[in-house]
Structures are given as C-alpha cells and as structure tokens.
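Q: Quick one: the structure is below, and I'll ask about it shortly.
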Amino acid sequence: MRILLDLFVSFFKIGLFTFGGGYAMLPMLQREIVDQHHWVTEEDVLDYYAISQCTPGVIAVNTATFVGTKLKGALGGAVSTLAVVTPSLIIITVISTILKSFSSYAVVQHAFAGIRVAVAALVVVSVAKLYRKGVKGALGNGIFAASLLLVFLLNLSPVWVVAACLILGVALAWKEMHRT
C-alpha cells in the first residue's frame with residue numbers, strides 16, 4: 001500500500017509542477033522516479049517516454065501509466081495516471097472560472113510569456129539529457145540528424161519519423177541477429 005501512496009504523491013507532484021506538457025516533465029520525472037525512488041532506470045525512462053510519444057494520449061499520462069504498471073500492475077498504473085491528471089483538472093477548473101476576467105491584464109500576459117521561456121529552457125535541458133543517454137555512435141548521430149532535418153526542415157510529423165526509426169531499429173536488429 002505504501003508504494004501506491006508514494007506513486008500517487010510523486011506523480012501528483014509531477015502533474016502539479018509540470019508546465020508546458022510532456023517534454024517539460026522530463027527533469028522532474030528523472031528526479032522523482034529515477035534519482036529519488038529508484039523505481040526505474042534512466043534507460044527505462046527513455047523507453048517509456050519514447051513509447052508514450054508513439055501511443056495515443058498525453059505523454060505525461062502514458063508515462064505515468066507505464067511506470068505505475070511496472071511497479072504495481074494495473075492498480076499502480078491507475079493510481080499513477082489518476083495522480084498525474086488530478087492537478088491539471090483542479091487547476092484548469094479554477095483557472096477557467098477566473099481567467100476570462102484577468103486575461104487582458106498586461107501582468108497576466110507577461111506572466112505567461114515568462115512561463116513559456118522557462119518551459120523552453122526545461123525542454124532544451126531535457127533534450128540534451130536524452131541525447132547524451134540515448135544517442136550512441138555514428139549511426140545514432142546520423143539517425144538523430146536525419147530526424148531533426150525531417151521534422152524541422154521538411155515539417156514531417158514526428159509520428160512518421162518515430163515510426164520510421166522503429167522500423168529501422170527492428171531491421172538493424174534483425175540484420176545483426178542473422179549475421180552470426
């Protein structure tokens with residue numbers, strides 16, 4: 001029962017303090033579930049995060065569900081999922097009732113602009129960590145560069161790039177298995 005409470009508290013905090021979506025949650029996710037609780041490894045986080053981007057739904061919710069399920073099965077997945085979405089539900093309900101009357105104020109507009117800058121910085125830090133942990137060797141760097149070009153220059157959907165990389169990875173693994 002203690003682990004379920006810990007899961008709820010950890011993912012509630014992640015849901016409460018993550019502004020800017022799934023990418024911005026990476027540093028907090030790393031700190032909570034890898035560094036503090038040691039529930040999963042950094043490689044697990046990369047795998048869960050990659051799968052979460054490929055599956056329908058919100059990245060934070062999918063990742064919480066994967067981690068909770070790994071630790072405590074379906075109940076752990078449900079607890080983690082509920083925990084990560086609860087803060088958003090509360091915050092959205094409160095904000096939506098009062099934002100209309102304050103959204104035209106300059107201080108509110110500047111606050112949101114500041115939050116966007118902070119979230120951009122968090123995303124850059126997360127990408128750097130993901131790059132250091134996930135991209136290995138010349139082939140990995142080539143795939144990384146090609147993926148960036150396809151997404152940013154050709155405006156190809158990241159879903160197609162991830163799917164292509166998945167197929168490439170399976171093909172390379174198959175080739176490696178049959179080489180010996």
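All residue names refer to the structure tokens as shown: chains lettered A, B, ... in order, residues numbered from 1 in each chain, ligands numbered from 1 in order.
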Enumerate as a PyMOL selection string all residues of chain A assigned to alpha helix (DSSP H) by DSSP on the backbone, naming them with the chain letters and numbers the document uses.

A: chain A and resi 2-17+26-29+42-54+59-102+106-134+137-148+158-179

Q: Would you kindly return, as a list in words, each protein, DNA or RNA residue with an atom no farther than 9 Å from any atom of A:Val9, considering only C-alpha atoms and excluding same-chain residues fewer than 5 positions away?

A: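 Those residues are Leu4, Ile14, Ser80 and Ala83 of chain A.
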
Q: Would you work out the distance separating atom CA of A:Ile95 from atom CA of A:Val119, expressed in Å to one decimal?

A: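 Straight-line distance from atom CA of A:Ile95 to atom CA of A:Val119 works out to 19.1 Å.
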
Q: List the neighbours of stretch 143-148 of chain A out to 12 Å using only C-alpha atoms; skip same-chain residues closer than 6 positions along the sequence, and give me the result as a list in words.

A: Val127, Leu130, Tyr131, Arg132, Gly134, Val135, Lys136, Gly137, Leu154, Asn155, Leu156, Ser157, Pro158, Val159, Trp160, Val161, Val162, Ala163, Ala164, Cys165, Leu166, Leu168 and Gly169 of chain A

Q: Could the residues in this selection be saved with N, CA and C atoms as a PDB file, in the first residue's frame?

A:
ATOM      1  N   VAL A 127      16.162  17.651 -23.696  1.00  0.00           N
ATOM      2  CA  VAL A 127      16.665  17.131 -24.970  1.00  0.00           C
ATOM      3  C   VAL A 127      18.161  16.813 -24.849  1.00  0.00           C
ATOM      4  N   LEU A 130      18.441  13.576 -22.920  1.00  0.00           N
ATOM      5  CA  LEU A 130      18.010  12.469 -23.764  1.00  0.00           C
ATOM      6  C   LEU A 130      19.062  12.149 -24.820  1.00  0.00           C
ATOM      7  N   TYR A 131      19.641  13.180 -25.402  1.00  0.00           N
ATOM      8  CA  TYR A 131      20.662  12.998 -26.420  1.00  0.00           C
ATOM      9  C   TYR A 131      21.869  12.251 -25.840  1.00  0.00           C
ATOM     10  N   ARG A 132      22.351  12.718 -24.686  1.00  0.00           N
ATOM     11  CA  ARG A 132      23.529  12.090 -24.075  1.00  0.00           C
ATOM     12  C   ARG A 132      23.283  10.625 -23.727  1.00  0.00           C
ATOM     13  N   GLY A 134      20.658   8.604 -24.984  1.00  0.00           N
ATOM     14  CA  GLY A 134      20.017   7.777 -25.992  1.00  0.00           C
ATOM     15  C   GLY A 134      20.714   7.684 -27.330  1.00  0.00           C
ATOM     16  N   VAL A 135      21.589   8.632 -27.652  1.00  0.00           N
ATOM     17  CA  VAL A 135      22.219   8.634 -28.973  1.00  0.00           C
ATOM     18  C   VAL A 135      23.651   8.141 -28.819  1.00  0.00           C
ATOM     19  N   LYS A 136      23.910   6.987 -29.444  1.00  0.00           N
ATOM     20  CA  LYS A 136      25.236   6.361 -29.327  1.00  0.00           C
ATOM     21  C   LYS A 136      25.816   6.108 -30.709  1.00  0.00           C
ATOM     22  N   GLY A 137      27.066   6.424 -30.892  1.00  0.00           N
ATOM     23  CA  GLY A 137      27.795   6.084 -32.106  1.00  0.00           C
ATOM     24  C   GLY A 137      27.425   6.918 -33.318  1.00  0.00           C
ATOM     25  N   LEU A 154      11.654  19.696 -43.244  1.00  0.00           N
ATOM     26  CA  LEU A 154      10.622  19.199 -44.152  1.00  0.00           C
ATOM     27  C   LEU A 154       9.241  19.171 -43.506  1.00  0.00           C
ATOM     28  N   ASN A 155       9.190  19.553 -42.223  1.00  0.00           N
ATOM     29  CA  ASN A 155       7.926  19.642 -41.496  1.00  0.00           C
ATOM     30  C   ASN A 155       7.167  18.306 -41.479  1.00  0.00           C
ATOM     31  N   LEU A 156       7.917  17.205 -41.458  1.00  0.00           N
ATOM     32  CA  LEU A 156       7.320  15.884 -41.381  1.00  0.00           C
ATOM     33  C   LEU A 156       6.860  15.626 -39.953  1.00  0.00           C
ATOM     34  N   SER A 157       5.737  15.005 -39.793  1.00  0.00           N
ATOM     35  CA  SER A 157       5.200  14.708 -38.462  1.00  0.00           C
ATOM     36  C   SER A 157       6.180  13.828 -37.686  1.00  0.00           C
ATOM     37  N   PRO A 158       6.435  14.166 -36.413  1.00  0.00           N
ATOM     38  CA  PRO A 158       7.308  13.325 -35.589  1.00  0.00           C
ATOM     39  C   PRO A 158       6.811  11.881 -35.485  1.00  0.00           C
ATOM     40  N   VAL A 159       5.521  11.677 -35.613  1.00  0.00           N
ATOM     41  CA  VAL A 159       4.978  10.322 -35.557  1.00  0.00           C
ATOM     42  C   VAL A 159       5.583   9.467 -36.667  1.00  0.00           C
ATOM     43  N   TRP A 160       5.668  10.027 -37.884  1.00  0.00           N
ATOM     44  CA  TRP A 160       6.230   9.282 -39.006  1.00  0.00           C
ATOM     45  C   TRP A 160       7.728   9.050 -38.813  1.00  0.00           C
ATOM     46  N   VAL A 161       8.407  10.017 -38.248  1.00  0.00           N
ATOM     47  CA  VAL A 161       9.844   9.865 -38.013  1.00  0.00           C
ATOM     48  C   VAL A 161      10.094   8.780 -36.970  1.00  0.00           C
ATOM     49  N   VAL A 162       9.325   8.788 -35.892  1.00  0.00           N
ATOM     50  CA  VAL A 162       9.476   7.755 -34.857  1.00  0.00           C
ATOM     51  C   VAL A 162       9.142   6.386 -35.437  1.00  0.00           C
ATOM     52  N   ALA A 163       8.074   6.304 -36.227  1.00  0.00           N
ATOM     53  CA  ALA A 163       7.705   5.024 -36.844  1.00  0.00           C
ATOM     54  C   ALA A 163       8.820   4.529 -37.764  1.00  0.00           C
ATOM     55  N   ALA A 164       9.391   5.415 -38.568  1.00  0.00           N
ATOM     56  CA  ALA A 164      10.481   5.035 -39.468  1.00  0.00           C
ATOM     57  C   ALA A 164      11.699   4.563 -38.674  1.00  0.00           C
ATOM     58  N   CYS A 165      12.006   5.253 -37.575  1.00  0.00           N
ATOM     59  CA  CYS A 165      13.142   4.858 -36.742  1.00  0.00           C
ATOM     60  C   CYS A 165      12.888   3.516 -36.062  1.00  0.00           C
ATOM     61  N   LEU A 166      11.654   3.265 -35.691  1.00  0.00           N
ATOM     62  CA  LEU A 166      11.287   1.980 -35.108  1.00  0.00           C
ATOM     63  C   LEU A 166      11.533   0.861 -36.120  1.00  0.00           C
ATOM     64  N   LEU A 168      13.492   0.977 -38.739  1.00  0.00           N
ATOM     65  CA  LEU A 168      14.933   0.899 -38.964  1.00  0.00           C
ATOM     66  C   LEU A 168      15.618   0.120 -37.840  1.00  0.00           C
ATOM     67  N   GLY A 169      15.244   0.407 -36.608  1.00  0.00           N
ATOM     68  CA  GLY A 169      15.836  -0.292 -35.468  1.00  0.00           C
ATOM     69  C   GLY A 169      15.561  -1.785 -35.498  1.00  0.00           C
TER      70      GLY A 169
END

Q: What gap, in Å, lies between atom CA of A:Val84 and atom CA of A:Leu16?

A: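 Distance reported for this atom pair: 7.6 Å.
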
Q: Between A:Leu82, A:Lys129, A:Leu150, A:Gln109, which residue has the minimum interatomic distance to A:Val45, considering only C-alpha atoms?

A: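 Closest to A:Val45 of all the choices is A:Lys129.
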
Q: Could you please determine the separation between atom CA of A:Ser88 and atom CA of A:Leu122 in Å, to one decimal place?

A: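 According to the coordinates, atom CA of A:Ser88 and atom CA of A:Leu122 are separated by 19.0 Å.
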
Q: Could you check which of A:Met25, A:Leu172, A:Leu153, A:Ser103 is closest to A:Leu139, using only C-alpha atoms?

A: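 Once distances to A:Leu139 are computed over only C-alpha atoms, the minimum belongs to A:Leu172.
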